[in-house]
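Structure first, then comments.
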Amino acid sequence: MYLSRASKTEKHFTLHPQGLVSRHSVTYLSATVNGYDDIRQFVMHRIETANISDSTWRPLHGFDLDNCIAGGAFEYLQGKAPVILVAQVAPQVAWLLSETPLSDTQRLTPLSDSNWQQLKAEVPDDQQTLWWLMAMGTNVNVLAHATF
């Protein structure tokens, strides 16, 4: 039984799992539903009960979870290509980013005459990145990428 956030009702499905994705503190089950071939994401903590079905599991031929993620299945992409983000960040943000980098290409460089650092990183052009930047408020001064 799945508790749907949209309709706030309990729903019963026969799911055919295709993969699991963890994003921050939330884990998603990627699955097809009943006899359909489109992939849906189900937040695991909303699955209230699960039973083993008598139905045979149906793999979705040609499905590639990595391609699904790269295509923006778990993000609201603004553009297809990643962008270079350049920003000045406050010390507490620099500390956070040193522990949990935005990307593999992230670089933090101390700014002269300041305790702030310059951030340069290749990041997704998506709403998640935009929301993160907005949440940082005055602790981040974006210098480059027009989207942000």
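Lettering and numbering for the structure tokens are positional, with chains as A, B, ... in the shown order, residues counted from 1 in each chain, and ligands counted from 1 in the shown order.
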
Practice problem: Apply DSSP to the structure's backbone, then extract all residues of range 86-133 of chain A labelled strand (DSSP E or B) and return them as a ChimeraX atom specification. | Solution: /A:86-89,107-110,117-123,126

Quiz item: Got a sec: who's within 10 Å of Ile39 in chain A, counting only C-alpha atoms, leaving out chain neighbours fewer than 4 positions off, as a PyMOL selection string?
Solution: chain A and resi 16-18+29-33+60+63+68+73

Keeping only C-alpha atoms, take the residues you just selected and write them out as a compact mmCIF listing (two decimals), in the first residue's frame.
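The result, written out as selection14.txt:
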```txt
# COMPACT_ATOMS: atom_id res chain seq x y z
CA HIS A 16 7.90 -4.15 -10.98
CA PRO A 17 11.07 -2.66 -9.41
CA GLN A 18 13.77 -1.51 -11.82
CA LEU A 29 12.02 2.98 -5.91
CA SER A 30 11.98 3.23 -9.71
CA ALA A 31 9.34 0.83 -10.97
CA THR A 32 6.73 0.12 -13.59
CA VAL A 33 3.14 -0.13 -12.37
CA LEU A 60 11.66 -3.08 -18.64
CA PHE A 63 15.82 0.60 -19.23
CA CYS A 68 17.33 7.84 -16.39
CA ALA A 73 14.39 11.96 -13.66
```

Quiz prompt | Residue neighbourhood Glu48 in chain A, 10 Å, only C-alpha atoms, exclusion window fewer than 6 positions, as a VMD selection string | solution = chain A and resid 1 to 3 10

Expected file contents, prior selection, C-alpha atoms, as a tab-separated table (two decimals), in the first residue's frame:
```
chain	number	residue	atom	x	y	z
A	1	MET	CA	0.00	0.00	0.00
A	2	TYR	CA	1.40	3.41	-1.03
A	3	LEU	CA	0.38	6.73	0.50
A	10	GLU	CA	-3.79	4.98	0.01
```

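Those residues in chain A carrying a DSSP assignment of alpha helix (DSSP H), computed from the backbone, are Leu65, Asp66, Asn67, Cys68, Ile69, Ala70, Pro91, Gln92, Val93, Ala94, Trp95, Leu96, Leu97, Ser98, Glu99, Gln127, Gln128, Thr129, Leu130, Trp131, Trp132, Leu133, Met134, Ala135 and Met136 of chain A.
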
Okay, now the selection with N, CA and C atoms, as an mmCIF file, in the first residue's frame?
```cif
data_model
loop_
_atom_site.group_PDB
_atom_site.id
_atom_site.type_symbol
_atom_site.label_atom_id
_atom_site.label_comp_id
_atom_site.auth_asym_id
_atom_site.auth_seq_id
_atom_site.Cartn_x
_atom_site.Cartn_y
_atom_site.Cartn_z
ATOM 1 N N LEU A 65 19.089 2.706 -15.533
ATOM 2 C CA LEU A 65 18.886 3.628 -14.421
ATOM 3 C C LEU A 65 19.843 4.817 -14.486
ATOM 4 N N ASP A 66 21.089 4.573 -14.866
ATOM 5 C CA ASP A 66 22.054 5.673 -14.978
ATOM 6 C C ASP A 66 21.608 6.696 -16.019
ATOM 7 N N ASN A 67 21.103 6.228 -17.158
ATOM 8 C CA ASN A 67 20.604 7.148 -18.188
ATOM 9 C C ASN A 67 19.366 7.900 -17.706
ATOM 10 N N CYS A 68 18.540 7.221 -16.943
ATOM 11 C CA CYS A 68 17.332 7.837 -16.390
ATOM 12 C C CYS A 68 17.712 8.995 -15.462
ATOM 13 N N ILE A 69 18.699 8.765 -14.602
ATOM 14 C CA ILE A 69 19.159 9.806 -13.681
ATOM 15 C C ILE A 69 19.793 10.954 -14.454
ATOM 16 N N ALA A 70 20.669 10.626 -15.404
ATOM 17 C CA ALA A 70 21.346 11.654 -16.207
ATOM 18 C C ALA A 70 20.350 12.485 -17.008
ATOM 19 N N PRO A 91 32.578 31.666 5.007
ATOM 20 C CA PRO A 91 33.361 30.585 5.606
ATOM 21 C C PRO A 91 32.542 29.344 5.975
ATOM 22 N N GLN A 92 31.352 29.541 6.537
ATOM 23 C CA GLN A 92 30.547 28.384 6.941
ATOM 24 C C GLN A 92 30.071 27.583 5.728
ATOM 25 N N VAL A 93 29.825 28.244 4.610
ATOM 26 C CA VAL A 93 29.433 27.540 3.383
ATOM 27 C C VAL A 93 30.638 26.816 2.802
ATOM 28 N N ALA A 94 31.803 27.459 2.837
ATOM 29 C CA ALA A 94 33.030 26.810 2.354
ATOM 30 C C ALA A 94 33.311 25.545 3.159
ATOM 31 N N TRP A 95 33.105 25.620 4.455
ATOM 32 C CA TRP A 95 33.305 24.450 5.317
ATOM 33 C C TRP A 95 32.336 23.329 4.928
ATOM 34 N N LEU A 96 31.065 23.684 4.739
ATOM 35 C CA LEU A 96 30.060 22.706 4.310
ATOM 36 C C LEU A 96 30.457 22.069 2.982
ATOM 37 N N LEU A 97 30.885 22.900 2.030
ATOM 38 C CA LEU A 97 31.254 22.393 0.704
ATOM 39 C C LEU A 97 32.528 21.558 0.733
ATOM 40 N N SER A 98 33.405 21.804 1.695
ATOM 41 C CA SER A 98 34.603 20.967 1.797
ATOM 42 C C SER A 98 34.238 19.566 2.271
ATOM 43 N N GLU A 99 33.156 19.457 3.039
ATOM 44 C CA GLU A 99 32.686 18.147 3.507
ATOM 45 C C GLU A 99 31.775 17.456 2.502
ATOM 46 N N GLN A 127 16.725 23.112 -10.976
ATOM 47 C CA GLN A 127 16.085 23.859 -9.898
ATOM 48 C C GLN A 127 16.662 23.494 -8.537
ATOM 49 N N GLN A 128 17.139 22.270 -8.383
ATOM 50 C CA GLN A 128 17.725 21.853 -7.112
ATOM 51 C C GLN A 128 18.928 22.737 -6.772
ATOM 52 N N THR A 129 19.794 22.982 -7.761
ATOM 53 C CA THR A 129 20.950 23.850 -7.544
ATOM 54 C C THR A 129 20.491 25.274 -7.246
ATOM 55 N N LEU A 130 19.512 25.754 -7.997
ATOM 56 C CA LEU A 130 18.974 27.094 -7.764
ATOM 57 C C LEU A 130 18.399 27.212 -6.358
ATOM 58 N N TRP A 131 17.620 26.216 -5.908
ATOM 59 C CA TRP A 131 17.036 26.240 -4.567
ATOM 60 C C TRP A 131 18.130 26.241 -3.500
ATOM 61 N N TRP A 132 19.190 25.460 -3.736
ATOM 62 C CA TRP A 132 20.294 25.414 -2.784
ATOM 63 C C TRP A 132 20.928 26.800 -2.670
ATOM 64 N N LEU A 133 21.198 27.426 -3.812
ATOM 65 C CA LEU A 133 21.795 28.763 -3.806
ATOM 66 C C LEU A 133 20.894 29.770 -3.091
ATOM 67 N N MET A 134 19.608 29.711 -3.353
ATOM 68 C CA MET A 134 18.673 30.638 -2.716
ATOM 69 C C MET A 134 18.627 30.415 -1.207
ATOM 70 N N ALA A 135 18.719 29.171 -0.786
ATOM 71 C CA ALA A 135 18.698 28.855 0.644
ATOM 72 C C ALA A 135 19.929 29.402 1.361
ATOM 73 N N MET A 136 21.029 29.555 0.641
ATOM 74 C CA MET A 136 22.260 30.080 1.236
ATOM 75 C C MET A 136 22.183 31.587 1.477
#
```

Quiz item: Hey, what's within 12 Å of Ile84 in chain A if we count only C-alpha atoms and toss same-chain stuff fewer than 4 positions away? As a PyMOL selection string, please?
Solution: chain A and resi 102-103+105-107+119-125+129+142-148

Given the selection you just returned, output its residues as a file containing N, CA and C atoms, formatted as a short mmCIF file (atom, residue, chain, number, x, y, z; two decimals), in the first residue's frame.
```
data_model
loop_
_atom_site.label_atom_id
_atom_site.label_comp_id
_atom_site.auth_asym_id
_atom_site.auth_seq_id
_atom_site.Cartn_x
_atom_site.Cartn_y
_atom_site.Cartn_z
N LEU A 102 29.74 20.02 -4.17
CA LEU A 102 28.65 20.08 -5.15
C LEU A 102 28.92 19.16 -6.34
N SER A 103 30.20 18.93 -6.66
CA SER A 103 30.55 18.08 -7.80
C SER A 103 32.00 17.65 -7.67
N THR A 105 34.24 18.32 -9.74
CA THR A 105 35.10 19.38 -10.29
C THR A 105 35.20 20.59 -9.36
N GLN A 106 34.56 20.53 -8.21
CA GLN A 106 34.52 21.68 -7.31
C GLN A 106 35.91 22.10 -6.84
N ARG A 107 36.14 23.41 -6.84
CA ARG A 107 37.38 23.99 -6.33
C ARG A 107 37.02 25.17 -5.43
N LEU A 119 34.24 29.77 -5.05
CA LEU A 119 33.80 28.44 -5.46
C LEU A 119 33.73 28.39 -6.97
N LYS A 120 34.25 27.33 -7.55
CA LYS A 120 34.07 27.08 -8.98
C LYS A 120 33.74 25.60 -9.10
N ALA A 121 32.62 25.28 -9.76
CA ALA A 121 32.20 23.89 -9.89
C ALA A 121 31.29 23.72 -11.09
N GLU A 122 31.39 22.57 -11.72
CA GLU A 122 30.45 22.20 -12.78
C GLU A 122 29.25 21.56 -12.08
N VAL A 123 28.08 22.15 -12.28
CA VAL A 123 26.87 21.70 -11.59
C VAL A 123 25.73 21.51 -12.58
N PRO A 124 24.70 20.75 -12.22
CA PRO A 124 23.54 20.62 -13.10
C PRO A 124 22.81 21.96 -13.22
N ASP A 125 22.31 22.24 -14.37
CA ASP A 125 21.49 23.43 -14.61
C ASP A 125 20.06 23.06 -14.23
N THR A 129 19.79 22.98 -7.76
CA THR A 129 20.95 23.85 -7.54
C THR A 129 20.49 25.27 -7.25
N VAL A 142 26.78 34.86 -6.18
CA VAL A 142 27.00 34.22 -7.48
C VAL A 142 27.62 35.23 -8.44
N LEU A 143 28.76 34.83 -9.02
CA LEU A 143 29.46 35.69 -9.97
C LEU A 143 29.18 35.27 -11.41
N ALA A 144 29.01 33.98 -11.62
CA ALA A 144 28.82 33.51 -12.99
C ALA A 144 27.92 32.30 -13.01
N HIS A 145 27.06 32.25 -13.66
CA HIS A 145 26.21 31.58 -14.60
C HIS A 145 24.87 32.26 -14.59
N ALA A 146 24.46 32.68 -15.77
CA ALA A 146 23.26 33.52 -15.93
C ALA A 146 22.01 32.86 -15.36
N THR A 147 21.93 31.54 -15.38
CA THR A 147 20.74 30.85 -14.87
C THR A 147 20.55 31.14 -13.39
N PHE A 148 21.63 31.24 -12.66
CA PHE A 148 21.55 31.40 -11.21
C PHE A 148 21.65 32.86 -10.82
#
```

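Of the listed residues (A:Thr49, A:Asp38, A:Phe74, A:Gln117), A:Phe74 comes nearest to Val21 in chain A; the distances count only C-alpha atoms.
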
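Minimum atom-to-atom distances from A:Ser55, A:Arg46, A:Pro82, A:His61 to Thr9 in chain A were compared using only C-alpha atoms, and the lowest value belongs to A:Arg46.
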
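For the residues A:Val43, A:Val26, A:Leu15, A:Val140, ranking by smallest atom-to-atom distance to Ala90 in chain A using only C-alpha atoms places A:Val140 first.
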
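If you look at CA of Val86 in chain A and CA of Ser25 in chain A, they are 26.6 Å away from each other.
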